[in-house]
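J.: Next comes target-v2.cif, mmCIF, C-alpha atoms:
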data_run
loop_
_atom_site.group_PDB
_atom_site.id
_atom_site.type_symbol
_atom_site.label_atom_id
_atom_site.label_comp_id
_atom_site.auth_asym_id
_atom_site.auth_seq_id
_atom_site.Cartn_x
_atom_site.Cartn_y
_atom_site.Cartn_z
ATOM 1 C CA ALA A 1 66.215 153.085 77.038
ATOM 2 C CA GLU A 2 65.813 155.655 74.255
ATOM 3 C CA LEU A 3 69.541 156.302 74.182
ATOM 4 C CA ALA A 4 70.146 152.554 73.962
ATOM 5 C CA GLN A 5 67.937 152.367 70.865
ATOM 6 C CA GLU A 6 69.752 155.304 69.280
ATOM 7 C CA ALA A 7 73.103 153.670 70.059
ATOM 8 C CA LYS A 8 71.979 150.444 68.381
ATOM 9 C CA GLN A 9 70.949 152.375 65.264
ATOM 10 C CA LEU A 10 74.504 153.708 65.129
ATOM 11 C CA SER A 11 75.948 150.206 65.675
ATOM 12 C CA LEU A 12 77.222 151.213 69.122
ATOM 13 C CA THR A 13 77.059 149.083 72.252
ATOM 14 C CA PRO A 14 75.840 151.032 75.259
ATOM 15 C CA VAL A 15 77.543 150.521 78.598
ATOM 16 C CA TRP A 16 75.056 150.545 81.475
ATOM 17 C CA GLU A 17 76.283 151.883 84.817
ATOM 18 C CA VAL A 18 74.371 149.985 87.493
ATOM 19 C CA GLN A 19 74.339 150.175 91.272
ATOM 20 C CA ASN A 20 71.604 147.714 92.229
ATOM 21 C CA LYS A 21 69.448 144.827 90.988
ATOM 22 C CA HIS A 22 66.637 147.149 89.873
ATOM 23 C CA GLU A 23 69.020 149.019 87.550
ATOM 24 C CA VAL A 24 70.362 145.702 86.210
ATOM 25 C CA ASP A 25 66.805 144.562 85.445
ATOM 26 C CA LYS A 26 65.981 147.835 83.663
ATOM 27 C CA ALA A 27 69.152 147.628 81.574
ATOM 28 C CA CYS A 28 68.453 143.996 80.651
ATOM 29 C CA GLU A 29 64.890 144.875 79.605
ATOM 30 C CA ALA A 30 66.405 147.412 77.209
ATOM 31 C CA GLY A 31 68.786 144.772 75.830
ATOM 32 C CA GLY A 32 71.816 145.745 77.903
ATOM 33 C CA ASN A 33 74.692 143.293 78.087
ATOM 34 C CA VAL A 34 77.675 145.512 78.980
ATOM 35 C CA PHE A 35 77.757 146.897 82.522
ATOM 36 C CA LEU A 36 79.898 149.314 84.517
ATOM 37 C CA VAL A 37 79.842 148.622 88.255
ATOM 38 C CA SER A 38 81.863 150.506 90.851
ATOM 39 C CA ALA A 39 84.166 148.491 93.087
ATOM 40 C CA GLU A 40 82.579 150.287 96.047
ATOM 41 C CA THR A 41 79.137 148.986 95.056
ATOM 42 C CA ILE A 42 80.495 145.458 94.634
ATOM 43 C CA LYS A 43 82.275 145.607 98.002
ATOM 44 C CA GLU A 44 78.916 146.438 99.610
ATOM 45 C CA ASP A 45 77.023 143.717 97.710
ATOM 46 C CA GLU A 46 79.023 141.097 95.795
ATOM 47 C CA SER A 47 75.783 139.374 94.783
ATOM 48 C CA LEU A 48 75.148 142.179 92.284
ATOM 49 C CA VAL A 49 77.656 140.685 89.830
ATOM 50 C CA ARG A 50 75.808 137.365 90.044
ATOM 51 C CA GLU A 51 72.631 139.190 88.971
ATOM 52 C CA LEU A 52 74.225 140.139 85.652
ATOM 53 C CA PRO A 53 73.330 137.947 82.656
ATOM 54 C CA LYS A 54 75.766 135.047 82.153
ATOM 55 C CA LYS A 55 76.907 136.223 78.711
ATOM 56 C CA SER A 56 77.291 139.848 79.709
ATOM 57 C CA VAL A 57 80.506 141.797 80.112
ATOM 58 C CA TRP A 58 81.087 143.844 83.220
ATOM 59 C CA VAL A 59 83.689 146.485 83.846
ATOM 60 C CA ALA A 60 84.728 147.402 87.379
ATOM 61 C CA LYS A 61 85.183 151.121 88.048
ATOM 62 C CA ILE A 62 87.956 151.617 90.604
ATOM 63 C CA ALA A 63 88.976 154.949 92.110
ATOM 64 C CA SER A 64 92.606 155.908 91.481
ATOM 65 C CA MET A 65 95.351 156.805 93.969
ATOM 66 C CA GLN A 66 93.699 155.289 97.008
ATOM 67 C CA PRO A 67 95.403 155.241 100.411
ATOM 68 C CA LYS A 68 97.786 152.288 100.829
ATOM 69 C CA ASN A 69 97.391 151.499 97.103
ATOM 70 C CA MET A 70 94.017 149.867 97.776
ATOM 71 C CA GLU A 71 93.084 150.136 94.102
ATOM 72 C CA ILE A 72 95.405 147.170 93.527
ATOM 73 C CA ASP A 73 93.698 145.064 96.203
ATOM 74 C CA HIS A 74 90.298 146.040 94.787
ATOM 75 C CA SER A 75 91.391 145.006 91.291
ATOM 76 C CA ARG A 76 92.440 141.573 92.569
ATOM 77 C CA THR A 77 89.072 141.138 94.276
ATOM 78 C CA MET A 78 87.312 142.111 91.051
ATOM 79 C CA LYS A 79 89.373 139.535 89.118
ATOM 80 C CA GLU A 80 88.397 136.849 91.629
ATOM 81 C CA LEU A 81 84.735 137.736 91.025
ATOM 82 C CA GLY A 82 85.179 137.262 87.277
ATOM 83 C CA CYS A 83 85.815 140.795 86.078
ATOM 84 C CA LYS A 84 87.783 140.976 82.825
ATOM 85 C CA ALA A 85 88.110 144.764 82.465
ATOM 86 C CA MET A 86 88.689 147.684 84.822
ATOM 87 C CA LEU A 87 88.328 151.405 84.503
ATOM 88 C CA VAL A 88 90.558 153.377 86.864
ATOM 89 C CA SER A 89 88.672 156.613 87.375
ATOM 90 C CA GLU A 90 90.605 159.878 87.402
ATOM 91 C CA ALA A 91 93.901 158.113 86.725
ATOM 92 C CA CYS A 92 94.803 160.786 84.176
ATOM 93 C CA VAL A 93 93.870 164.348 85.038
ATOM 94 C CA GLY A 94 96.500 166.328 83.141
ATOM 95 C CA ASP A 95 99.204 166.622 85.783
ATOM 96 C CA GLU A 96 102.838 165.486 85.867
ATOM 97 C CA GLU A 97 101.953 162.176 87.558
ATOM 98 C CA ASP A 98 99.598 160.902 84.839
ATOM 99 C CA LEU A 99 102.068 158.845 82.832
ATOM 100 C CA ALA A 100 103.960 157.403 85.805
ATOM 101 C CA TYR A 101 100.729 156.511 87.610
ATOM 102 C CA ALA A 102 99.131 154.977 84.518
ATOM 103 C CA ARG A 103 102.182 152.794 83.902
ATOM 104 C CA TRP A 104 102.363 151.785 87.564
ATOM 105 C CA VAL A 105 98.667 150.961 87.983
ATOM 106 C CA VAL A 106 98.509 148.898 84.773
ATOM 107 C CA ALA A 107 101.635 146.964 85.773
ATOM 108 C CA GLU A 108 100.367 146.340 89.311
ATOM 109 C CA MET A 109 96.836 145.397 88.275
ATOM 110 C CA SER A 110 98.054 142.984 85.636
ATOM 111 C CA SER A 111 100.826 141.459 87.742
ATOM 112 C CA LYS A 112 100.470 138.037 89.282
ATOM 113 C CA ALA A 113 103.214 138.839 91.774
ATOM 114 C CA SER A 114 102.434 138.734 95.456
ATOM 115 C CA SER A 115 101.471 142.045 96.984
ATOM 116 C CA GLU A 116 102.831 140.780 100.284
ATOM 117 C CA PHE A 117 106.327 139.648 99.299
ATOM 118 C CA LYS A 118 108.838 141.056 96.867
ATOM 119 C CA ILE A 119 111.005 138.329 95.359
ATOM 120 C CA THR A 120 114.426 139.613 94.425
ATOM 121 C CA GLY A 121 117.530 138.143 92.743
ATOM 122 C CA MET A 122 117.592 134.738 94.368
ATOM 123 C CA THR A 123 121.176 133.697 93.602
ATOM 124 C CA GLY A 124 122.662 136.751 95.294
ATOM 125 C CA HIS A 125 120.547 136.235 98.370
ATOM 126 C CA VAL A 126 121.370 132.546 98.624
ATOM 127 C CA ASN A 127 125.079 133.349 98.312
ATOM 128 C CA GLY A 128 124.741 136.052 100.968
ATOM 129 C CA HIS A 129 125.573 138.942 98.642
ATOM 130 C CA TYR A 130 122.391 140.956 99.118
ATOM 131 C CA GLY A 131 121.393 140.655 102.734
ATOM 132 C CA THR A 132 120.187 137.805 104.849
ATOM 133 C CA GLY A 133 117.110 136.429 103.099
ATOM 134 C CA THR A 134 115.736 135.563 99.695
ATOM 135 C CA PHE A 135 112.318 137.042 100.325
ATOM 136 C CA GLU A 136 111.801 140.559 101.568
ATOM 137 C CA LYS A 137 108.534 141.701 103.041
ATOM 138 C CA SER A 138 107.230 144.520 100.877
ATOM 139 C CA ASN A 139 105.806 147.194 103.115
ATOM 140 C CA SER A 140 106.333 150.251 100.990
ATOM 141 C CA ASP A 141 103.326 151.979 99.521
ATOM 142 C CA THR A 142 103.771 154.039 96.406
ATOM 143 C CA MET A 143 102.959 157.644 97.305
ATOM 144 C CA TRP A 144 101.485 160.047 94.784
ATOM 145 C CA LYS A 145 101.410 163.812 95.266
ATOM 146 C CA ARG A 146 97.857 164.036 93.958
ATOM 147 C CA GLY A 147 96.620 161.256 96.266
ATOM 148 C CA SER A 148 98.278 162.721 99.362
ATOM 149 C CA SER A 149 96.733 166.167 98.988
ATOM 150 C CA GLU A 150 93.169 164.905 99.435
#
Show this structure as structure tokens.
T.:
Amino acid sequence: AELAQEAKQLSLTPVWEVQNKHEVDKACEAGGNVFLVSAETIKEDESLVRELPKKSVWVAKIASMQPKNMEIDHSRTMKELGCKAMLVSEACVGDEEDLAYARWVVAEMSSKASSEFKITGMTGHVNGHYGTGTFEKSNSDTMWKRGSSE
């Protein structure tokens, strides 16, 4: 609470990382209205986001480079729950994959495209130029060196 008062004196808005209702209540008592909540916490208890004040902003913290690209599924769940901002933790760590991963994760998290089907050039498929069907099941996961070494 002291840090929150100091932040206000500097015209800064503190972001409160919360993991349960008690922490939400404490943050609200101190005037908190911006919250950071991990996707893991929300998966365990979705009701936590309903405990946040109606006019608050909450940011979902999602772990990067998850197996089977689960960070993308988690981001879609967070959107469905009303989240407007996401922080992808450890997305950039100073290695050669940082830029490629950052571009990929932003594109995937902001895409409205189906994660189940990849829609390709329809005219070619209809005319039989590119295989037998218009819709191809997308079963490829993007593999990252950093994610596979853990």
J.: Translate the PyMOL selection byres ((chain A and resi 52) around 9) into a concrete residue list for this structure, as a PyMOL selection string.
T.: chain A and resi 21+24-25+28+33+35+48-51+53-58
J.: From the list A:Glu96, A:Glu44, A:Glu90, A:Asp73, which residue is nearest A:Glu108 when using only C-alpha atoms?
T.: A:Asp73
J.: As a check of understanding, name the residues that the PyMOL selection byres ((chain A and resi 62) around 8) selects in the supplied structure, as JSON, numbers by chain.
T.: {"A": [38, 39, 40, 60, 61, 63, 64, 71, 74, 75, 86, 87, 88, 89]}
J.: Work out how far apart atom CA of A:Arg76 and atom CA of A:Glu46 are and give it in Å to one decimal.
T.: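 Atom CA of A:Glu46 lies 13.8 Å from atom CA of A:Arg76.
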J.: Applied to this file, what does the PyMOL selection byres ((chain A and resi 4) around 9) return in terms of residues, put as a list of chain:residue names?
T.: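 What the PyMOL selection byres ((chain A and resi 4) around 9) grabs from the file is A:Ala1, A:Glu2, A:Leu3, A:Gln5, A:Glu6, A:Ala7, A:Lys8, A:Gln9, A:Leu12, A:Thr13, A:Pro14, A:Val15, A:Ala30, A:Gly31, A:Gly32.
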J.: For A:Asp95, which of A:Gln66, A:Lys145, A:Val59, A:Thr77 is the closest residue, counting all atoms listed in the file?
T.: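 Of A:Gln66, A:Lys145, A:Val59, A:Thr77, the one nearest A:Asp95, counting all atoms listed in the file, is A:Lys145.
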J.: For the atom pair atom CA of A:Lys79 and atom CA of A:Val93, what is the interatomic distance in Å to one decimal place?
T.: 25.5 Å
J.: Just checking: using only C-alpha atoms, which residue out of A:Ala91, A:Met78, A:Val18, A:Met70 ends up closest to A:Arg146?
T.: A:Ala91
J.: Find the distance between atom CA of A:Trp144 and atom CA of A:Asp98 and write it in Å to one decimal.
T.: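 These two atoms are separated by 10.2 Å.
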J.: Grab all the atoms of stretch 17-22 of chain A that the file lists, wrap them in a box along x, y and z, add 4 Å per side, and give me centre plus edge lengths in Å (one decimal) as lines of an AutoDock Vina configuration file.
T.:
center_x = 71.5
center_y = 148.4
center_z = 88.5
size_x = 17.6
size_y = 15.1
size_z = 15.4
